[in-house]
Each structure stands twice: as structure tokens, then as C-alpha cells.
>>> print(open('upload.pdb').read())   # PDB, C-alpha atoms
ATOM      1  CA  MET Y   1      55.083  72.535 113.686
ATOM      2  CA  SER Y   2      52.829  75.154 115.225
ATOM      3  CA  LEU Y   3      49.190  74.291 115.882
ATOM      4  CA  SER Y   4      46.754  77.174 115.554
ATOM      5  CA  GLY Y   5      43.478  75.314 116.093
ATOM      6  CA  PRO Y   6      41.792  72.017 116.882
ATOM      7  CA  ASN Y   7      41.711  69.007 114.552
ATOM      8  CA  GLN Y   8      45.243  69.500 113.279
ATOM      9  CA  LEU Y   9      47.027  66.898 115.420
ATOM     10  CA  TRP Y  10      45.557  64.102 117.510
ATOM     11  CA  GLN Y  11      47.563  61.671 119.601
ATOM     12  CA  THR Y  12      46.461  58.210 120.616
ATOM     13  CA  ASP Y  13      47.952  55.595 122.889
ATOM     14  CA  ILE Y  14      47.158  52.513 124.962
ATOM     15  CA  THR Y  15      47.634  51.869 128.652
ATOM     16  CA  TRP Y  16      46.620  48.994 130.884
ATOM     17  CA  VAL Y  17      44.629  48.677 134.096
ATOM     18  CA  TRP Y  18      43.870  45.786 136.429
ATOM     19  CA  ALA Y  19      40.140  45.283 137.019
ATOM     20  CA  GLY Y  20      38.060  42.310 138.005
ATOM     21  CA  GLY Y  21      41.037  39.972 138.249
ATOM     22  CA  ARG Y  22      42.541  40.652 134.818
ATOM     23  CA  TRP Y  23      44.219  43.269 132.650
ATOM     24  CA  TYR Y  24      42.226  45.568 130.374
ATOM     25  CA  TYR Y  25      43.570  48.032 127.848
ATOM     26  CA  LEU Y  26      42.481  51.659 127.732
ATOM     27  CA  SER Y  27      42.889  53.783 124.626
ATOM     28  CA  PHE Y  28      42.479  57.524 124.386
ATOM     29  CA  VAL Y  29      42.498  59.999 121.509
ATOM     30  CA  VAL Y  30      43.576  63.525 122.493
ATOM     31  CA  ASP Y  31      43.425  66.736 120.476
ATOM     32  CA  VAL Y  32      46.834  68.262 121.175
ATOM     33  CA  TYR Y  33      45.633  71.842 120.665
ATOM     34  CA  THR Y  34      42.599  71.740 122.982
ATOM     35  CA  ARG Y  35      43.857  68.932 125.272
ATOM     36  CA  GLN Y  36      40.381  67.375 125.047
ATOM     37  CA  ILE Y  37      40.031  63.630 125.242
ATOM     38  CA  LEU Y  38      37.965  63.036 122.118
ATOM     39  CA  ALA Y  39      37.388  59.325 122.663
ATOM     40  CA  ALA Y  40      38.158  56.497 125.041
ATOM     41  CA  HIS Y  41      37.877  52.754 124.631
ATOM     42  CA  CYS Y  42      38.107  49.945 127.193
ATOM     43  CA  GLY Y  43      39.477  46.935 125.370
ATOM     44  CA  ARG Y  44      39.782  43.315 126.368
ATOM     45  CA  ASP Y  45      42.751  42.866 124.038
ATOM     46  CA  LEU Y  46      45.533  44.774 122.333
ATOM     47  CA  SER Y  47      44.135  44.374 118.825
ATOM     48  CA  ALA Y  48      44.235  46.902 116.024
ATOM     49  CA  ALA Y  49      40.430  46.592 115.908
ATOM     50  CA  SER Y  50      40.218  48.098 119.411
ATOM     51  CA  GLN Y  51      42.359  51.047 118.345
ATOM     52  CA  ILE Y  52      40.268  51.535 115.211
ATOM     53  CA  ARG Y  53      37.106  51.569 117.382
ATOM     54  CA  CYS Y  54      38.601  54.282 119.580
ATOM     55  CA  LEU Y  55      39.649  56.413 116.611
ATOM     56  CA  ALA Y  56      36.237  55.893 114.972
ATOM     57  CA  ARG Y  57      34.605  57.297 118.125
ATOM     58  CA  ALA Y  58      36.874  60.338 118.006
ATOM     59  CA  LEU Y  59      36.078  60.933 114.344
ATOM     60  CA  ALA Y  60      32.340  60.547 115.030
ATOM     61  CA  SER Y  61      32.608  63.122 117.832
ATOM     62  CA  ARG Y  62      33.849  65.633 115.248
ATOM     63  CA  LYS Y  63      31.298  64.850 112.543
ATOM     64  CA  GLY Y  64      30.705  67.902 110.387
ATOM     65  CA  GLU Y  65      34.002  69.562 111.353
ATOM     66  CA  ASP Y  66      36.853  70.093 108.917
ATOM     67  CA  LEU Y  67      39.304  67.229 109.411
ATOM     68  CA  SER Y  68      41.286  67.787 106.223
ATOM     69  CA  GLY Y  69      44.975  67.710 107.000
ATOM     70  CA  LEU Y  70      44.422  65.951 110.334
ATOM     71  CA  ILE Y  71      47.482  64.072 111.585
ATOM     72  CA  ILE Y  72      47.040  61.013 113.804
ATOM     73  CA  HIS Y  73      50.181  60.563 115.904
ATOM     74  CA  THR Y  74      50.895  57.215 117.567
ATOM     75  CA  ASP Y  75      53.759  55.216 118.920
ATOM     76  CA  ARG Y  76      55.091  52.246 116.972
ATOM     77  CA  GLY Y  77      52.961  49.585 118.650
ATOM     78  CA  VAL Y  78      51.929  46.643 116.469
ATOM     79  CA  GLN Y  79      48.324  47.873 116.554
ATOM     80  CA  TYR Y  80      49.314  51.127 114.886
ATOM     81  CA  THR Y  81      51.729  49.580 112.401
ATOM     82  CA  SER Y  82      49.180  46.954 111.322
ATOM     83  CA  SER Y  83      47.794  47.058 107.809
ATOM     84  CA  ALA Y  84      44.246  47.272 109.231
ATOM     85  CA  TYR Y  85      45.032  50.491 111.126
ATOM     86  CA  LYS Y  86      47.007  52.014 108.267
ATOM     87  CA  ASP Y  87      44.235  51.145 105.798
ATOM     88  CA  TYR Y  88      41.647  52.733 108.103
ATOM     89  CA  LEU Y  89      43.639  55.985 108.134
ATOM     90  CA  GLU Y  90      44.263  55.902 104.405
ATOM     91  CA  ASP Y  91      40.571  55.277 103.623
ATOM     92  CA  ARG Y  92      39.733  58.459 105.567
ATOM     93  CA  GLU Y  93      42.623  60.460 104.086
ATOM     94  CA  LEU Y  94      44.254  60.943 107.487
ATOM     95  CA  THR Y  95      48.005  61.361 107.833
ATOM     96  CA  HIS Y  96      49.772  58.914 110.130
ATOM     97  CA  SER Y  97      52.731  60.098 112.174
ATOM     98  CA  MET Y  98      54.672  57.729 114.432
ATOM     99  CA  ALA Y  99      56.920  58.447 117.393
ATOM    100  CA  HIS Y 100      60.368  56.969 117.777
ATOM    101  CA  TYR Y 101      60.447  57.685 121.519
ATOM    102  CA  ALA Y 102      57.738  57.774 124.219
ATOM    103  CA  TRP Y 103      58.337  61.478 124.921
ATOM    104  CA  GLN Y 104      57.275  62.209 121.328
ATOM    105  CA  ASN Y 105      53.768  61.063 122.308
ATOM    106  CA  ALA Y 106      53.832  63.073 125.526
ATOM    107  CA  TYR Y 107      50.318  64.519 125.454
ATOM    108  CA  CYS Y 108      48.645  61.126 125.342
ATOM    109  CA  GLU Y 109      51.176  59.544 127.722
ATOM    110  CA  ARG Y 110      50.277  62.256 130.243
ATOM    111  CA  VAL Y 111      46.553  61.604 129.777
ATOM    112  CA  ASN Y 112      47.143  57.890 130.441
ATOM    113  CA  ARG Y 113      48.867  58.670 133.723
ATOM    114  CA  THR Y 114      46.360  61.306 134.811
ATOM    115  CA  ILE Y 115      43.337  59.107 134.144
ATOM    116  CA  LYS Y 116      44.867  56.093 135.925
ATOM    117  CA  GLU Y 117      46.430  57.872 138.905
ATOM    118  CA  GLY Y 118      44.168  60.895 139.252
ATOM    119  CA  TYR Y 119      40.804  59.270 138.672
ATOM    120  CA  LEU Y 120      40.558  55.499 138.251
ATOM    121  CA  LYS Y 121      42.388  54.584 141.439
ATOM    122  CA  TYR Y 122      39.565  56.291 143.367
ATOM    123  CA  TYR Y 123      36.692  54.568 141.531
ATOM    124  CA  PRO Y 124      35.364  51.036 141.922
ATOM    125  CA  THR Y 125      36.619  48.972 138.985
ATOM    126  CA  GLY Y 126      35.911  45.403 140.036
ATOM    127  CA  SER Y 127      34.471  44.386 136.676
ATOM    128  CA  TYR Y 128      34.683  45.285 133.012
ATOM    129  CA  ALA Y 129      31.345  47.123 133.226
ATOM    130  CA  SER Y 130      32.406  49.177 136.257
ATOM    131  CA  LEU Y 131      35.755  49.947 134.584
ATOM    132  CA  CYS Y 132      33.986  51.269 131.476
ATOM    133  CA  GLN Y 133      31.714  53.440 133.660
ATOM    134  CA  ALA Y 134      34.709  54.732 135.618
ATOM    135  CA  VAL Y 135      36.620  55.601 132.437
ATOM    136  CA  ALA Y 136      33.613  57.470 131.019
ATOM    137  CA  LYS Y 137      33.263  59.437 134.279
ATOM    138  CA  ALA Y 138      36.994  60.186 134.383
ATOM    139  CA  VAL Y 139      36.986  61.479 130.805
ATOM    140  CA  ARG Y 140      33.974  63.740 131.514
ATOM    141  CA  LEU Y 141      35.640  65.175 134.623
ATOM    142  CA  TYR Y 142      39.007  65.540 132.889
ATOM    143  CA  ASN Y 143      37.500  67.491 129.988
ATOM    144  CA  ARG Y 144      35.202  69.621 132.158
ATOM    145  CA  CYS Y 145      37.314  70.301 135.241
ATOM    146  CA  LYS Y 146      41.015  69.452 134.842
ATOM    147  CA  PRO Y 147      43.037  72.691 134.708
ATOM    148  CA  HIS Y 148      45.894  72.642 132.215
ATOM    149  CA  ARG Y 149      49.048  74.644 132.706
ATOM    150  CA  GLY Y 150      49.510  74.693 128.908
ATOM    151  CA  LEU Y 151      46.123  76.290 128.222
ATOM    152  CA  PRO Y 152      45.449  80.018 128.692
ATOM    153  CA  GLY Y 153      44.406  80.814 132.251
ATOM    154  CA  ARG Y 154      44.909  77.170 133.268
ATOM    155  CA  LEU Y 155      41.485  76.410 131.822
ATOM    156  CA  SER Y 156      40.024  72.931 131.488
ATOM    157  CA  PRO Y 157      39.815  71.628 127.901
ATOM    158  CA  ASP Y 158      36.047  72.220 127.697
ATOM    159  CA  GLN Y 159      36.354  75.729 129.192
ATOM    160  CA  PHE Y 160      39.080  76.560 126.670
ATOM    161  CA  VAL Y 161      36.996  75.324 123.721
ATOM    162  CA  LYS Y 162      34.000  77.347 124.950
ATOM    163  CA  GLU Y 163      36.056  80.534 125.380
ATOM    164  CA  ARG Y 164      37.743  80.042 122.014
ATOM    165  CA  SER Y 165      34.351  79.696 120.310
ATOM    166  CA  ARG Y 166      33.526  83.145 121.757
ATOM    167  CA  GLY Y 167      36.612  84.660 120.123
ATOM    168  CA  LYS Y 168      38.919  84.578 123.131
ATOM    169  CA  HIS Y 169      42.574  83.487 122.909
ATOM    170  CA  PRO Y 170      43.013  84.174 119.169
ATOM    171  CA  ASP Y 171      46.807  84.130 119.438
ATOM    172  CA  TYR Y 172      47.064  80.852 121.342
ATOM    173  CA  HIS Y 173      49.143  78.231 119.567
ATOM    174  CA  VAL Y 174      50.980  75.031 120.449
ATOM    175  CA  ASP Y 175      54.521  74.439 119.213
ATOM    176  CA  ILE Y 176      55.359  70.796 118.613
ATOM    177  CA  TRP Y 177      58.839  69.307 118.310
ATOM    178  CA  SER Y 178      60.761  72.255 119.678
ATOM    179  CA  GLU Y 179      64.556  72.347 119.604
ATOM    180  CA  LEU Y 180      64.551  70.711 123.027
ATOM    181  CA  THR Y 181      62.604  67.690 121.803
ATOM    182  CA  SER Y 182      63.967  67.374 118.280
ATOM    183  CA  THR Y 183      66.030  64.258 117.664
ATOM    184  CA  LYS Y 184      68.225  66.412 115.409
ATOM    185  CA  ARG Y 185      69.354  68.362 118.496
ATOM    186  CA  LEU Y 186      69.615  65.479 120.945
ATOM    187  CA  HIS Y 187      72.296  62.853 120.802
ATOM    188  CA  VAL Y 188      70.472  59.733 121.906
ATOM    189  CA  ASN Y 189      72.483  56.530 121.970
TER     190      ASN Y 189
END
>>> encode(input="upload.pdb", output="C-alpha cells")
Amino acid sequence: MSLSGPNQLWQTDITWVWAGGRWYYLSFVVDVYTRQILAAHCGRDLSAASQIRCLARALASRKGEDLSGLIIHTDRGVQYTSSAYKDYLEDRELTHSMAHYAWQNAYCERVNRTIKEGYLKYYPTGSYASLCQAVAKAVRLYNRCKPHRGLPGRLSPDQFVKERSRGKHPDYHVDIWSELTSTKRLHVN
């Protein structure tokens, strides 16, 4: 699959962080083409409802844009295989794609690591409220300032989107599931 623009493939995933004496669960939705984090959610549980909230935020952030043909790619966590999550996607005519292996959700896995290790460990997160503030700040900085080797000129996601809206980088595309990552080419036991 070759992506030629935004809103063709989004990835979402969950990670965990320790804050205020307990575990919380962070969810992110990433546009694979632009590398933008479209939505984040700090959850108190691992429910499908939390994942639906995060995806709803991402969809709301793209209100008025063409989302026909949009693929939502997840891992096979129980939240994403639940009837509630599947029904939510179906009601919005979104295609659900699911990874068999973690590396097939690499864009969102990388965001999880970057947000936790590159941002959150430097912010005060002693409570749920401070964690939510820290995540919001991290997402803003990630989108505005984080250079990406995979984007033209190592731009940040927001810089890339701005330049693209001005007609720059018309030939940029993202190839997904190359021969190196295809399970048809790898012999995984």
C-alpha cells in the first residue's frame, strides 16, 4: 500500500504510565502519512470506551475533511476486537485493519515510546490531572517541533502539513508493508 495523502491510514495503540501512585493508560491516534498525533486520551482503565473516546477526538479534529476510505489500524487488543469498537467503526464506515505483530503497528508504537521517554519523564505527573496536562503539552510539542527522518527535510508533522498545503512535496508518499515487513516474505515461527 502506498499512501499519497493524509486521512488514508491512521494507527492507534495504548501504552501505560505510572502517575500519582497508580497506572494510567495513554492512547494515541496517528496519521501515518503526516505523522501527526491526531488525538490523545488519558484513561483510568483499558476499556473499549476509552479507545472509542480517543478515536472520536481524532475524527472530530478532522471534521469537514474527506475520511472516505480511511483505515483504522490497531493491534489485536481486547479493546479493539470488542463489539463496541467494531460497531463504532462500522457505524462511521471506517475500515478496521489489525496487526498480527507489534512491528506492524510501528508508527504508533514509536509515538508511545517517544512521548513516554522523550517528554513525559521530564514533566511532573504526580496526579491524573497533571498527567493529562503533560500529555497535552507533549502532543503539542511533538506535532510542532519533533523532526521526523521519514518526512521531507526532517520536518515536524505540523511543518510538513503546512508546507504540503502550500503545494510543496507533491511526490511524497509512504509505502506500507514493504517486502521487508511482509509476513509473506518472513518466516516467523
>>> atom_distance(input="upload.pdb", atom1="CA of Arg92 (chain Y)", atom2="CA of Arg144 (chain Y)")
29.2 Å
>>> resolve_selection(input="upload.pdb", expression="the PyMOL selection byres ((chain Y and resi 43) around 12)", output="MDAnalysis selection string")
chainID Y and resid 14:19 22:28 40:42 44:54 128:129 131:132 135
>>> write_last_selection(input="upload.pdb", atoms="C-alpha atoms", output="compact mmCIF listing (two decimals), in the frame of the given file")
# COMPACT_ATOMS: atom_id res chain seq x y z
CA ILE Y 14 47.16 52.51 124.96
CA THR Y 15 47.63 51.87 128.65
CA TRP Y 16 46.62 48.99 130.88
CA VAL Y 17 44.63 48.68 134.10
CA TRP Y 18 43.87 45.79 136.43
CA ALA Y 19 40.14 45.28 137.02
CA ARG Y 22 42.54 40.65 134.82
CA TRP Y 23 44.22 43.27 132.65
CA TYR Y 24 42.23 45.57 130.37
CA TYR Y 25 43.57 48.03 127.85
CA LEU Y 26 42.48 51.66 127.73
CA SER Y 27 42.89 53.78 124.63
CA PHE Y 28 42.48 57.52 124.39
CA ALA Y 40 38.16 56.50 125.04
CA HIS Y 41 37.88 52.75 124.63
CA CYS Y 42 38.11 49.94 127.19
CA ARG Y 44 39.78 43.32 126.37
CA ASP Y 45 42.75 42.87 124.04
CA LEU Y 46 45.53 44.77 122.33
CA SER Y 47 44.14 44.37 118.82
CA ALA Y 48 44.24 46.90 116.02
CA ALA Y 49 40.43 46.59 115.91
CA SER Y 50 40.22 48.10 119.41
CA GLN Y 51 42.36 51.05 118.34
CA ILE Y 52 40.27 51.54 115.21
CA ARG Y 53 37.11 51.57 117.38
CA CYS Y 54 38.60 54.28 119.58
CA TYR Y 128 34.68 45.28 133.01
CA ALA Y 129 31.34 47.12 133.23
CA LEU Y 131 35.76 49.95 134.58
CA CYS Y 132 33.99 51.27 131.48
CA VAL Y 135 36.62 55.60 132.44
>>> residues_around(input="upload.pdb", residues="region 158-161 of chain Y", least_positions_apart="4", cutoff="12 Å", atoms="all atoms listed in the file", output="MDAnalysis selection string")
chainID Y and resid 5:6 31 33:38 139:154 165:170 172
>>> atom_distance(input="upload.pdb", atom1="CA of Tyr122 (chain Y)", atom2="CA of Asp13 (chain Y)")
22.1 Å
>>> closest_residue(input="upload.pdb", among="Y:Ala134, Y:Lys121, Y:Asp91, Y:Gln8", to="His73 (chain Y)", atoms="all atoms listed in the file")
Y:Gln8
>>> residues_around(input="upload.pdb", residues="Cys108 (chain Y)", least_positions_apart="3", cutoff="6 Å", atoms="all atoms listed in the file", output="VMD selection string")
chain Y and resid 11 to 12 105 111
>>> atom_distance(input="upload.pdb", atom1="CA of Gly20 (chain Y)", atom2="CA of Arg113 (chain Y)")
20.1 Å
>>> closest_residue(input="upload.pdb", among="Y:Asp171, Y:Glu90, Y:Glu117, Y:Glu109", to="Leu70 (chain Y)", atoms="all atoms listed in the file")
Y:Glu90
>>> closest_residue(input="upload.pdb", among="Y:Ser156, Y:Asn7, Y:Ser130, Y:Ser2", to="Ser61 (chain Y)", atoms="only C-alpha atoms")
Y:Asn7
>>> closest_residue(input="upload.pdb", among="Y:Lys162, Y:Leu55, Y:His100, Y:Ala106", to="Lys86 (chain Y)", atoms="all atoms listed in the file")
Y:Leu55
>>> decode(input="upload.pdb", residues="region 114-133 of chain Y", atoms="N, CA and C atoms", output="tab-separated table (two decimals), in the first residue's frame")
chain	number	residue	atom	x	y	z
Y	114	THR	N	8.27	7.60	22.21
Y	114	THR	CA	8.75	8.97	22.17
Y	114	THR	C	8.06	9.84	23.20
Y	115	ILE	N	6.76	9.73	23.31
Y	115	ILE	CA	6.02	10.55	24.28
Y	115	ILE	C	6.45	10.20	25.70
Y	116	LYS	N	6.55	8.91	26.01
Y	116	LYS	CA	6.92	8.50	27.37
Y	116	LYS	C	8.37	8.85	27.71
Y	117	GLU	N	9.30	8.51	26.81
Y	117	GLU	CA	10.72	8.67	27.13
Y	117	GLU	C	11.29	10.04	26.74
Y	118	GLY	N	10.69	10.68	25.75
Y	118	GLY	CA	11.21	11.95	25.29
Y	118	GLY	C	10.54	13.17	25.90
Y	119	TYR	N	9.38	12.95	26.50
Y	119	TYR	CA	8.63	14.08	27.05
Y	119	TYR	C	8.17	13.83	28.49
Y	120	LEU	N	7.33	12.83	28.69
Y	120	LEU	CA	6.68	12.67	29.99
Y	120	LEU	C	7.65	12.46	31.15
Y	121	LYS	N	8.77	11.82	30.90
Y	121	LYS	CA	9.69	11.59	32.02
Y	121	LYS	C	10.30	12.89	32.55
Y	122	TYR	N	10.15	13.98	31.80
Y	122	TYR	CA	10.68	15.27	32.22
Y	122	TYR	C	9.61	16.20	32.81
Y	123	TYR	N	8.37	15.76	32.81
Y	123	TYR	CA	7.26	16.58	33.30
Y	123	TYR	C	6.74	16.04	34.61
Y	124	PRO	N	6.22	16.92	35.46
Y	124	PRO	CA	5.59	16.44	36.70
Y	124	PRO	C	4.28	15.72	36.37
Y	125	THR	N	4.16	14.49	36.85
Y	125	THR	CA	2.95	13.70	36.60
Y	125	THR	C	2.53	13.00	37.89
Y	126	GLY	N	2.40	13.77	38.95
Y	126	GLY	CA	2.07	13.18	40.25
Y	126	GLY	C	0.59	12.93	40.47
Y	127	SER	N	-0.24	13.32	39.51
Y	127	SER	CA	-1.67	13.11	39.64
Y	127	SER	C	-2.26	12.89	38.24
Y	128	TYR	N	-3.50	12.46	38.22
Y	128	TYR	CA	-4.18	12.27	36.94
Y	128	TYR	C	-4.26	13.59	36.17
Y	129	ALA	N	-4.61	14.66	36.88
Y	129	ALA	CA	-4.74	15.98	36.24
Y	129	ALA	C	-3.40	16.43	35.65
Y	130	SER	N	-2.32	16.27	36.42
Y	130	SER	CA	-1.01	16.71	35.90
Y	130	SER	C	-0.55	15.81	34.75
Y	131	LEU	N	-0.91	14.53	34.79
Y	131	LEU	CA	-0.59	13.63	33.68
Y	131	LEU	C	-1.30	14.09	32.41
Y	132	CYS	N	-2.58	14.39	32.51
Y	132	CYS	CA	-3.34	14.85	31.34
Y	132	CYS	C	-2.75	16.13	30.76
Y	133	GLN	N	-2.34	17.06	31.63
Y	133	GLN	CA	-1.71	18.30	31.17
Y	133	GLN	C	-0.38	18.00	30.48
